[in-house]
$ cat query00.pdb   # PDB, C-alpha atoms
MODEL        1
ATOM      1  CA  MET A   1     -26.959 153.577 115.609  1.00  0.00           C
ATOM      2  CA  LYS A   2     -26.900 152.167 112.077  1.00  0.00           C
ATOM      3  CA  LYS A   3     -23.755 154.166 111.254  1.00  0.00           C
ATOM      4  CA  THR A   4     -22.026 152.934 114.407  1.00  0.00           C
ATOM      5  CA  PHE A   5     -22.931 149.324 113.560  1.00  0.00           C
ATOM      6  CA  ILE A   6     -21.495 149.664 110.045  1.00  0.00           C
ATOM      7  CA  LEU A   7     -18.270 151.177 111.420  1.00  0.00           C
ATOM      8  CA  LEU A   8     -17.928 148.292 113.858  1.00  0.00           C
ATOM      9  CA  LEU A   9     -18.323 145.813 111.016  1.00  0.00           C
ATOM     10  CA  LEU A  10     -15.697 147.619 108.962  1.00  0.00           C
ATOM     11  CA  PHE A  11     -13.325 147.695 111.943  1.00  0.00           C
ATOM     12  CA  LYS A  12     -13.853 143.980 112.535  1.00  0.00           C
ATOM     13  CA  ALA A  13     -13.209 143.259 108.852  1.00  0.00           C
ATOM     14  CA  GLY A  14     -10.008 145.294 109.044  1.00  0.00           C
ATOM     15  CA  LEU A  15      -8.837 143.112 111.912  1.00  0.00           C
ATOM     16  CA  LEU A  16      -9.670 139.889 110.100  1.00  0.00           C
ATOM     17  CA  PHE A  17      -7.447 140.766 107.176  1.00  0.00           C
ATOM     18  CA  SER A  18      -5.192 143.774 106.776  1.00  0.00           C
ATOM     19  CA  GLN A  19      -1.884 144.787 105.345  1.00  0.00           C
ATOM     20  CA  ASP A  20      -0.113 148.099 105.526  1.00  0.00           C
ATOM     21  CA  LEU A  21       2.949 149.808 104.126  1.00  0.00           C
ATOM     22  CA  GLN A  22       4.701 152.423 106.260  1.00  0.00           C
ATOM     23  CA  LEU A  23       7.384 154.976 105.438  1.00  0.00           C
ATOM     24  CA  HIS A  24       9.087 156.708 108.373  1.00  0.00           C
ATOM     25  CA  TYR A  25      11.915 159.138 108.942  1.00  0.00           C
ATOM     26  CA  ASP A  26      13.839 158.183 112.073  1.00  0.00           C
ATOM     27  CA  PHE A  27      15.384 161.009 114.139  1.00  0.00           C
ATOM     28  CA  ARG A  28      17.590 158.851 116.364  1.00  0.00           C
ATOM     29  CA  HIS A  29      20.810 160.718 115.565  1.00  0.00           C
ATOM     30  CA  SER A  30      19.170 164.023 116.488  1.00  0.00           C
ATOM     31  CA  VAL A  31      18.121 162.728 119.922  1.00  0.00           C
ATOM     32  CA  ASP A  32      21.076 160.403 120.598  1.00  0.00           C
ATOM     33  CA  PRO A  33      24.175 161.254 118.502  1.00  0.00           C
ATOM     34  CA  LYS A  34      26.403 159.228 120.842  1.00  0.00           C
ATOM     35  CA  HIS A  35      24.955 155.918 119.637  1.00  0.00           C
ATOM     36  CA  ASN A  36      23.750 156.855 116.131  1.00  0.00           C
ATOM     37  CA  THR A  37      25.702 158.408 113.275  1.00  0.00           C
ATOM     38  CA  ALA A  38      22.745 159.649 111.200  1.00  0.00           C
ATOM     39  CA  ASN A  39      18.998 159.992 110.846  1.00  0.00           C
ATOM     40  CA  PHE A  40      17.508 157.786 108.136  1.00  0.00           C
ATOM     41  CA  PRO A  41      14.316 156.634 106.355  1.00  0.00           C
ATOM     42  CA  MET A  42      12.663 153.348 107.278  1.00  0.00           C
ATOM     43  CA  ILE A  43      10.227 151.128 105.357  1.00  0.00           C
ATOM     44  CA  SER A  44       7.889 148.666 107.064  1.00  0.00           C
ATOM     45  CA  PHE A  45       5.414 146.172 105.579  1.00  0.00           C
ATOM     46  CA  GLN A  46       2.947 144.209 107.683  1.00  0.00           C
ATOM     47  CA  TYR A  47       0.466 141.513 106.710  1.00  0.00           C
ATOM     48  CA  PHE A  48      -2.037 140.280 109.275  1.00  0.00           C
ATOM     49  CA  LYS A  49      -4.783 137.682 108.937  1.00  0.00           C
ATOM     50  CA  ASP A  50      -6.979 136.938 111.929  1.00  0.00           C
ATOM     51  CA  VAL A  51      -8.121 133.498 110.781  1.00  0.00           C
ATOM     52  CA  ASP A  52      -5.831 131.183 108.811  1.00  0.00           C
ATOM     53  CA  THR A  53      -6.836 128.622 106.208  1.00  0.00           C
ATOM     54  CA  ASN A  54      -7.630 126.041 108.897  1.00  0.00           C
ATOM     55  CA  ALA A  55      -9.784 128.568 110.838  1.00  0.00           C
ATOM     56  CA  THR A  56      -7.623 128.059 113.899  1.00  0.00           C
ATOM     57  CA  GLY A  57      -5.836 131.327 114.632  1.00  0.00           C
ATOM     58  CA  SER A  58      -4.001 134.372 113.302  1.00  0.00           C
ATOM     59  CA  PHE A  59      -0.957 134.914 111.105  1.00  0.00           C
ATOM     60  CA  LEU A  60       1.448 137.878 111.087  1.00  0.00           C
ATOM     61  CA  LEU A  61       4.294 138.700 108.706  1.00  0.00           C
ATOM     62  CA  LYS A  62       6.318 141.861 109.328  1.00  0.00           C
ATOM     63  CA  VAL A  63       9.337 143.066 107.344  1.00  0.00           C
ATOM     64  CA  GLN A  64      11.186 146.234 108.329  1.00  0.00           C
ATOM     65  CA  SER A  65      14.176 147.853 106.630  1.00  0.00           C
ATOM     66  CA  PHE A  66      16.343 150.693 107.915  1.00  0.00           C
ATOM     67  CA  LEU A  67      17.750 152.735 105.021  1.00  0.00           C
ATOM     68  CA  SER A  68      20.699 153.659 107.223  1.00  0.00           C
ATOM     69  CA  GLY A  69      23.504 152.691 104.858  1.00  0.00           C
ATOM     70  CA  ASP A  70      25.655 154.890 102.643  1.00  0.00           C
ATOM     71  CA  LYS A  71      23.477 156.970 100.287  1.00  0.00           C
ATOM     72  CA  ASN A  72      20.456 155.610 102.210  1.00  0.00           C
ATOM     73  CA  ASN A  73      21.002 152.066 101.019  1.00  0.00           C
ATOM     74  CA  THR A  74      19.560 149.310 103.203  1.00  0.00           C
ATOM     75  CA  GLY A  75      21.507 149.077 106.444  1.00  0.00           C
ATOM     76  CA  GLN A  76      19.380 146.518 108.279  1.00  0.00           C
ATOM     77  CA  THR A  77      16.384 144.293 107.533  1.00  0.00           C
ATOM     78  CA  PHE A  78      14.296 142.608 110.219  1.00  0.00           C
ATOM     79  CA  ILE A  79      11.631 139.921 109.746  1.00  0.00           C
ATOM     80  CA  GLN A  80       9.012 138.540 112.108  1.00  0.00           C
ATOM     81  CA  ILE A  81       6.631 135.632 111.504  1.00  0.00           C
ATOM     82  CA  SER A  82       3.969 134.669 114.038  1.00  0.00           C
ATOM     83  CA  GLN A  83       1.176 132.084 113.998  1.00  0.00           C
ATOM     84  CA  THR A  84      -1.437 131.176 116.601  1.00  0.00           C
ATOM     85  CA  LEU A  85      -3.378 127.907 116.628  1.00  0.00           C
ATOM     86  CA  LYS A  86      -6.397 126.675 118.571  1.00  0.00           C
ATOM     87  CA  PHE A  87      -8.206 123.329 118.386  1.00  0.00           C
ATOM     88  CA  TRP A  88     -10.148 123.647 121.657  1.00  0.00           C
ATOM     89  CA  LYS A  89     -12.884 125.853 123.154  1.00  0.00           C
ATOM     90  CA  PRO A  90     -10.996 128.008 125.725  1.00  0.00           C
ATOM     91  CA  LYS A  91      -9.803 131.271 124.141  1.00  0.00           C
ATOM     92  CA  VAL A  92      -6.133 130.535 124.741  1.00  0.00           C
ATOM     93  CA  TYR A  93      -4.056 129.897 121.633  1.00  0.00           C
ATOM     94  CA  PHE A  94      -0.860 128.003 121.013  1.00  0.00           C
ATOM     95  CA  SER A  95       1.610 130.567 119.633  1.00  0.00           C
ATOM     96  CA  LEU A  96       4.684 130.185 117.402  1.00  0.00           C
ATOM     97  CA  ASN A  97       7.109 133.019 116.632  1.00  0.00           C
ATOM     98  CA  TYR A  98      10.274 133.612 114.605  1.00  0.00           C
ATOM     99  CA  THR A  99      12.467 136.722 114.319  1.00  0.00           C
ATOM    100  CA  GLY A 100      15.768 137.363 112.556  1.00  0.00           C
ATOM    101  CA  GLY A 101      17.502 139.615 110.073  1.00  0.00           C
ATOM    102  CA  LEU A 102      20.661 140.960 108.475  1.00  0.00           C
ATOM    103  CA  GLY A 103      22.575 144.233 108.527  1.00  0.00           C
ATOM    104  CA  ILE A 104      25.581 146.160 107.252  1.00  0.00           C
ATOM    105  CA  ALA A 105      27.804 148.214 109.561  1.00  0.00           C
ATOM    106  CA  PRO A 106      29.985 150.967 108.030  1.00  0.00           C
ATOM    107  CA  PRO A 107      31.991 150.824 105.952  1.00  0.00           C
ATOM    108  CA  SER A 108      31.100 147.303 104.738  1.00  0.00           C
ATOM    109  CA  PHE A 109      30.967 144.899 107.670  1.00  0.00           C
ATOM    110  CA  GLY A 110      28.036 142.490 107.501  1.00  0.00           C
ATOM    111  CA  TYR A 111      26.265 141.071 110.533  1.00  0.00           C
ATOM    112  CA  TYR A 112      23.105 139.167 111.354  1.00  0.00           C
ATOM    113  CA  LEU A 113      20.334 139.659 113.864  1.00  0.00           C
ATOM    114  CA  THR A 114      20.347 136.429 115.823  1.00  0.00           C
ATOM    115  CA  ASN A 115      17.503 134.057 115.000  1.00  0.00           C
ATOM    116  CA  SER A 116      15.009 133.551 117.794  1.00  0.00           C
ATOM    117  CA  PHE A 117      12.307 130.889 117.901  1.00  0.00           C
ATOM    118  CA  GLY A 118       9.391 131.008 120.316  1.00  0.00           C
ATOM    119  CA  ALA A 119       6.553 128.729 121.387  1.00  0.00           C
ATOM    120  CA  GLY A 120       3.951 129.295 124.067  1.00  0.00           C
ATOM    121  CA  ILE A 121       0.447 130.650 124.684  1.00  0.00           C
ATOM    122  CA  SER A 122      -1.451 133.685 123.410  1.00  0.00           C
ATOM    123  CA  TYR A 123      -4.562 135.321 124.841  1.00  0.00           C
ATOM    124  CA  PRO A 124      -6.318 137.927 122.621  1.00  0.00           C
ATOM    125  CA  PHE A 125      -9.128 139.956 124.221  1.00  0.00           C
ATOM    126  CA  GLN A 126     -11.095 143.204 124.086  1.00  0.00           C
ATOM    127  CA  TRP A 127     -11.445 145.833 126.803  1.00  0.00           C
ATOM    128  CA  LYS A 128     -13.344 149.121 126.588  1.00  0.00           C
ATOM    129  CA  GLY A 129     -13.177 149.157 122.798  1.00  0.00           C
ATOM    130  CA  ALA A 130      -9.487 148.271 122.614  1.00  0.00           C
ATOM    131  CA  TRP A 131      -8.016 145.165 121.030  1.00  0.00           C
ATOM    132  CA  LEU A 132      -5.323 143.558 123.146  1.00  0.00           C
ATOM    133  CA  SER A 133      -3.197 140.436 123.103  1.00  0.00           C
ATOM    134  CA  ALA A 134      -0.839 138.943 125.688  1.00  0.00           C
ATOM    135  CA  ASN A 135       1.686 136.210 124.821  1.00  0.00           C
ATOM    136  CA  LEU A 136       3.955 134.180 127.081  1.00  0.00           C
ATOM    137  CA  LEU A 137       6.571 132.170 125.173  1.00  0.00           C
ATOM    138  CA  TYR A 138       9.626 130.009 125.613  1.00  0.00           C
ATOM    139  CA  ARG A 139      12.353 131.731 123.553  1.00  0.00           C
ATOM    140  CA  TYR A 140      15.395 130.082 121.996  1.00  0.00           C
ATOM    141  CA  ASN A 141      18.116 132.546 120.964  1.00  0.00           C
ATOM    142  CA  ALA A 142      20.492 130.944 118.462  1.00  0.00           C
ATOM    143  CA  PHE A 143      23.715 132.489 119.806  1.00  0.00           C
ATOM    144  CA  HIS A 144      27.017 130.609 119.514  1.00  0.00           C
ATOM    145  CA  LYS A 145      26.187 129.687 123.102  1.00  0.00           C
ATOM    146  CA  PRO A 146      22.393 129.200 122.831  1.00  0.00           C
ATOM    147  CA  SER A 147      20.111 130.916 125.329  1.00  0.00           C
ATOM    148  CA  HIS A 148      16.822 129.503 126.659  1.00  0.00           C
ATOM    149  CA  ASP A 149      14.520 132.148 128.113  1.00  0.00           C
ATOM    150  CA  PRO A 150      10.970 133.404 128.750  1.00  0.00           C
ATOM    151  CA  GLN A 151       9.461 136.092 126.515  1.00  0.00           C
ATOM    152  CA  LEU A 152       6.426 138.289 127.217  1.00  0.00           C
ATOM    153  CA  THR A 153       4.665 140.149 124.391  1.00  0.00           C
ATOM    154  CA  PHE A 154       1.790 142.611 124.771  1.00  0.00           C
ATOM    155  CA  TYR A 155      -0.145 144.415 122.006  1.00  0.00           C
ATOM    156  CA  LEU A 156      -2.785 147.164 122.175  1.00  0.00           C
ATOM    157  CA  GLY A 157      -4.755 148.888 119.423  1.00  0.00           C
ATOM    158  CA  LYS A 158      -7.698 151.300 119.675  1.00  0.00           C
ATOM    159  CA  PHE A 159      -9.504 153.840 117.498  1.00  0.00           C
ATOM    160  CA  PHE A 160     -10.591 157.245 118.786  1.00  0.00           C
ATOM    161  CA  ALA A 161     -12.575 160.241 117.456  1.00  0.00           C
ATOM    162  CA  ASN A 162     -14.947 158.242 115.245  1.00  0.00           C
ATOM    163  CA  TYR A 163     -12.143 156.110 113.753  1.00  0.00           C
ATOM    164  CA  LYS A 164     -10.059 159.128 112.748  1.00  0.00           C
ATOM    165  CA  ILE A 165      -7.246 158.446 115.226  1.00  0.00           C
ATOM    166  CA  PHE A 166      -5.638 155.065 115.813  1.00  0.00           C
ATOM    167  CA  VAL A 167      -3.319 154.351 118.725  1.00  0.00           C
ATOM    168  CA  GLU A 168      -1.398 151.087 118.758  1.00  0.00           C
ATOM    169  CA  GLY A 169       1.809 149.559 119.971  1.00  0.00           C
ATOM    170  CA  SER A 170       3.538 146.489 121.281  1.00  0.00           C
ATOM    171  CA  ILE A 171       6.238 145.659 123.748  1.00  0.00           C
ATOM    172  CA  VAL A 172       8.375 142.511 123.711  1.00  0.00           C
ATOM    173  CA  ALA A 173      10.480 141.674 126.778  1.00  0.00           C
ATOM    174  CA  TRP A 174      12.784 138.710 127.367  1.00  0.00           C
ATOM    175  CA  THR A 175      15.950 137.581 129.091  1.00  0.00           C
ATOM    176  CA  GLU A 176      19.085 136.215 127.427  1.00  0.00           C
ATOM    177  CA  ASN A 177      22.589 135.032 128.285  1.00  0.00           C
ATOM    178  CA  LYS A 178      25.148 137.804 128.766  1.00  0.00           C
ATOM    179  CA  ASP A 179      27.786 135.417 127.402  1.00  0.00           C
ATOM    180  CA  GLN A 180      26.768 134.696 123.786  1.00  0.00           C
ATOM    181  CA  GLY A 181      29.777 132.507 123.081  1.00  0.00           C
ATOM    182  CA  ILE A 182      31.773 135.177 121.222  1.00  0.00           C
ATOM    183  CA  ASP A 183      34.943 137.054 122.215  1.00  0.00           C
ATOM    184  CA  TYR A 184      33.070 140.323 122.879  1.00  0.00           C
ATOM    185  CA  THR A 185      30.921 138.727 125.616  1.00  0.00           C
ATOM    186  CA  LYS A 186      33.428 136.171 126.907  1.00  0.00           C
ATOM    187  CA  GLY A 187      33.561 135.925 130.691  1.00  0.00           C
ATOM    188  CA  GLN A 188      30.224 137.634 131.334  1.00  0.00           C
ATOM    189  CA  LYS A 189      27.909 135.671 133.609  1.00  0.00           C
ATOM    190  CA  GLY A 190      24.200 135.439 134.188  1.00  0.00           C
ATOM    191  CA  LYS A 191      21.233 136.839 132.289  1.00  0.00           C
ATOM    192  CA  LYS A 192      20.221 140.291 131.136  1.00  0.00           C
ATOM    193  CA  LEU A 193      16.775 141.750 130.527  1.00  0.00           C
ATOM    194  CA  ALA A 194      16.061 143.194 127.073  1.00  0.00           C
ATOM    195  CA  PHE A 195      12.961 144.698 125.509  1.00  0.00           C
ATOM    196  CA  TYR A 196      11.685 146.507 122.448  1.00  0.00           C
ATOM    197  CA  GLY A 197       8.546 148.639 122.108  1.00  0.00           C
ATOM    198  CA  ASP A 198       6.903 150.689 119.342  1.00  0.00           C
ATOM    199  CA  PRO A 199       4.020 152.916 120.548  1.00  0.00           C
ATOM    200  CA  GLN A 200       2.367 154.616 117.568  1.00  0.00           C
ATOM    201  CA  ILE A 201      -0.302 157.220 116.835  1.00  0.00           C
ATOM    202  CA  TRP A 202      -1.945 157.611 113.421  1.00  0.00           C
ATOM    203  CA  PHE A 203      -4.320 160.263 112.040  1.00  0.00           C
ATOM    204  CA  ARG A 204      -6.564 159.188 109.179  1.00  0.00           C
ATOM    205  CA  ILE A 205      -6.343 161.620 106.247  1.00  0.00           C
ATOM    206  CA  LYS A 206      -8.473 159.755 103.734  1.00  0.00           C
ATOM    207  CA  LYS A 207      -9.699 156.167 103.649  1.00  0.00           C
ATOM    208  CA  GLY A 208      -6.604 153.987 104.162  1.00  0.00           C
ATOM    209  CA  PHE A 209      -4.051 156.818 104.230  1.00  0.00           C
ATOM    210  CA  PHE A 210      -2.655 157.951 107.593  1.00  0.00           C
ATOM    211  CA  ILE A 211       0.075 160.239 108.886  1.00  0.00           C
ATOM    212  CA  GLY A 212       1.577 159.841 112.317  1.00  0.00           C
ATOM    213  CA  SER A 213       4.532 158.900 114.433  1.00  0.00           C
ATOM    214  CA  ARG A 214       6.049 156.051 116.353  1.00  0.00           C
ATOM    215  CA  ILE A 215       8.683 155.826 119.054  1.00  0.00           C
ATOM    216  CA  SER A 216      11.133 152.922 118.965  1.00  0.00           C
ATOM    217  CA  LEU A 217      12.087 151.870 122.496  1.00  0.00           C
ATOM    218  CA  TYR A 218      15.228 149.786 123.107  1.00  0.00           C
ATOM    219  CA  TYR A 219      16.720 148.384 126.275  1.00  0.00           C
ATOM    220  CA  HIS A 220      19.978 146.368 126.155  1.00  0.00           C
ATOM    221  CA  LEU A 221      19.645 145.878 122.389  1.00  0.00           C
ATOM    222  CA  ILE A 222      21.800 148.516 120.675  1.00  0.00           C
ATOM    223  CA  SER A 223      23.652 149.585 123.815  1.00  0.00           C
ATOM    224  CA  GLN A 224      24.625 147.889 127.057  1.00  0.00           C
ATOM    225  CA  ASP A 225      23.820 151.039 129.047  1.00  0.00           C
ATOM    226  CA  ASN A 226      21.185 150.459 131.723  1.00  0.00           C
ATOM    227  CA  LYS A 227      18.728 152.938 130.232  1.00  0.00           C
ATOM    228  CA  VAL A 228      15.862 152.982 127.777  1.00  0.00           C
ATOM    229  CA  GLN A 229      16.709 154.515 124.385  1.00  0.00           C
ATOM    230  CA  ALA A 230      13.702 156.237 122.747  1.00  0.00           C
ATOM    231  CA  TYR A 231      13.843 157.259 119.070  1.00  0.00           C
ATOM    232  CA  PRO A 232      10.879 159.131 117.490  1.00  0.00           C
ATOM    233  CA  THR A 233       9.831 159.076 113.855  1.00  0.00           C
ATOM    234  CA  ILE A 234       7.402 160.897 111.612  1.00  0.00           C
ATOM    235  CA  GLY A 235       5.726 158.791 108.974  1.00  0.00           C
ATOM    236  CA  THR A 236       2.889 157.821 106.671  1.00  0.00           C
ATOM    237  CA  LYS A 237       0.908 154.603 106.488  1.00  0.00           C
ATOM    238  CA  TYR A 238      -1.287 153.172 103.762  1.00  0.00           C
ATOM    239  CA  GLN A 239      -3.585 150.352 104.836  1.00  0.00           C
ATOM    240  CA  PHE A 240      -5.045 148.160 102.101  1.00  0.00           C
TER     241      PHE A 240
ENDMDL
END
$ encode --input "query00.pdb" --output "structure tokens"
Amino acid sequence: MKKTFILLLLFKAGLLFSQDLQLHYDFRHSVDPKHNTANFPMISFQYFKDVDTNATGSFLLKVQSFLSGDKNNTGQTFIQISQTLKFWKPKVYFSLNYTGGLGIAPPSFGYYLTNSFGAGISYPFQWKGAWLSANLLYRYNAFHKPSHDPQLTFYLGKFFANYKIFVEGSIVAWTENKDQGIDYTKGQKGKKLAFYGDPQIWFRIKKGFFIGSRISLYYHLISQDNKVQAYPTIGTKYQF
């Protein structure tokens, strides 16, 4: 009982403040050569703090780089910043979110990942030992022809086998204008549904060092085909 209590305290502390560095190898060319020219390494850094300096909510910073360029130079970098705030008793938080990034397409064509800004509500909760969070946001996509849309985000994380296995993942779904105000999308009408997910499984090797895998799920993000694209990785994670 004492050991279980100590583990619970350590797990809670890990949720209050944690940061991790991940290194993956992405096999998307192997599983989908039609849409991807090569497999590549990927680096991800995540910083999470459950209570900010005003003791009102949580803060998340995530930076992810695909080393998909020539000679495995950086081909794309993505950034996410999220903050929740609460100044009242009900366990529903006000949530703010930003995403964006930059990339290079071969041979040397630069592009950007469109900025998105979100504001809405967040509800974190626990269920059968799992940590979960559901967010419903208004999303502003900064296209040439701006898009105003709903966004739903869901996160799950849970340890198994006496904290030796960790399963986590998130899914983000939203709608956006088909016509983004550029020549490529000119004349398209209405909205399209898009989503991204990243289910992961990690096996603890020693203290903060893990090995595992994640699957990147895309729908209407890197292809306009009406199908989900699933790209597996193998990777390591160091949590500190």
$ atom_distance --input "query00.pdb" --atom1 "atom CA of A:Ile234" --atom2 "atom CA of A:Asp26"
7.0 Å
$ residues_around --input "query00.pdb" --residues "stretch 122-133 of chain A" --least-positions-apart "5" --cutoff "10 Å" --atoms "all atoms listed in the file" --output "MDAnalysis selection string"
chainID A and resid 15 83:86 90:96 152:160 167:170
$ atom_distance --input "query00.pdb" --atom1 "atom CA of A:Gly120" --atom2 "atom CA of A:Ala134"
10.9 Å
$ closest_atom_pairs --input "query00.pdb" --of "stretch 80-140 of chain A" --to "stretch 175-198 of chain A" --cutoff "12 Å" --atoms "only C-alpha atoms" --output "Markdown table"
| residue | atom | partner | partner_atom | distance |
| --- | --- | --- | --- | --- |
| A:Thr114 | CA | A:Gln180 | CA | 10.4 |
| A:Ser116 | CA | A:Glu176 | CA | 10.8 |
| A:Leu137 | CA | A:Thr175 | CA | 11.5 |
| A:Tyr138 | CA | A:Thr175 | CA | 10.5 |
| A:Arg139 | CA | A:Thr175 | CA | 8.8 |
| A:Tyr140 | CA | A:Glu176 | CA | 9.0 |
$ closest_residue --input "query00.pdb" --among "A:Asn141, A:Ser213, A:Ser82, A:Asn135" --to "A:Ile165" --atoms "all atoms listed in the file"
A:Ser213
$ residues_near_point --input "query00.pdb" --point "(16.7, 150.7, 101.8)" --cutoff "12 Å" --atoms "all atoms listed in the file" --output "list of chain:residue names"
A:Leu23, A:His24, A:Phe40, A:Pro41, A:Met42, A:Ile43, A:Ser44, A:Val63, A:Gln64, A:Ser65, A:Phe66, A:Leu67, A:Ser68, A:Gly69, A:Asp70, A:Lys71, A:Asn72, A:Asn73, A:Thr74, A:Gly75, A:Gln76, A:Thr77, A:Phe78, A:Gly103, A:Ile104
$ write_last_selection --input "query00.pdb" --atoms "C-alpha atoms" --output "tab-separated table (two decimals), keeping the file's coordinate frame"
chain	number	residue	atom	x	y	z
A	23	LEU	CA	7.38	154.98	105.44
A	24	HIS	CA	9.09	156.71	108.37
A	40	PHE	CA	17.51	157.79	108.14
A	41	PRO	CA	14.32	156.63	106.36
A	42	MET	CA	12.66	153.35	107.28
A	43	ILE	CA	10.23	151.13	105.36
A	44	SER	CA	7.89	148.67	107.06
A	63	VAL	CA	9.34	143.07	107.34
A	64	GLN	CA	11.19	146.23	108.33
A	65	SER	CA	14.18	147.85	106.63
A	66	PHE	CA	16.34	150.69	107.92
A	67	LEU	CA	17.75	152.74	105.02
A	68	SER	CA	20.70	153.66	107.22
A	69	GLY	CA	23.50	152.69	104.86
A	70	ASP	CA	25.66	154.89	102.64
A	71	LYS	CA	23.48	156.97	100.29
A	72	ASN	CA	20.46	155.61	102.21
A	73	ASN	CA	21.00	152.07	101.02
A	74	THR	CA	19.56	149.31	103.20
A	75	GLY	CA	21.51	149.08	106.44
A	76	GLN	CA	19.38	146.52	108.28
A	77	THR	CA	16.38	144.29	107.53
A	78	PHE	CA	14.30	142.61	110.22
A	103	GLY	CA	22.58	144.23	108.53
A	104	ILE	CA	25.58	146.16	107.25
$ resolve_selection --input "query00.pdb" --expression "the PyMOL selection byres ((chain A and resi 98) around 7)" --output "PyMOL selection string"
chain A and resi 80-82+97+99-100+116-118
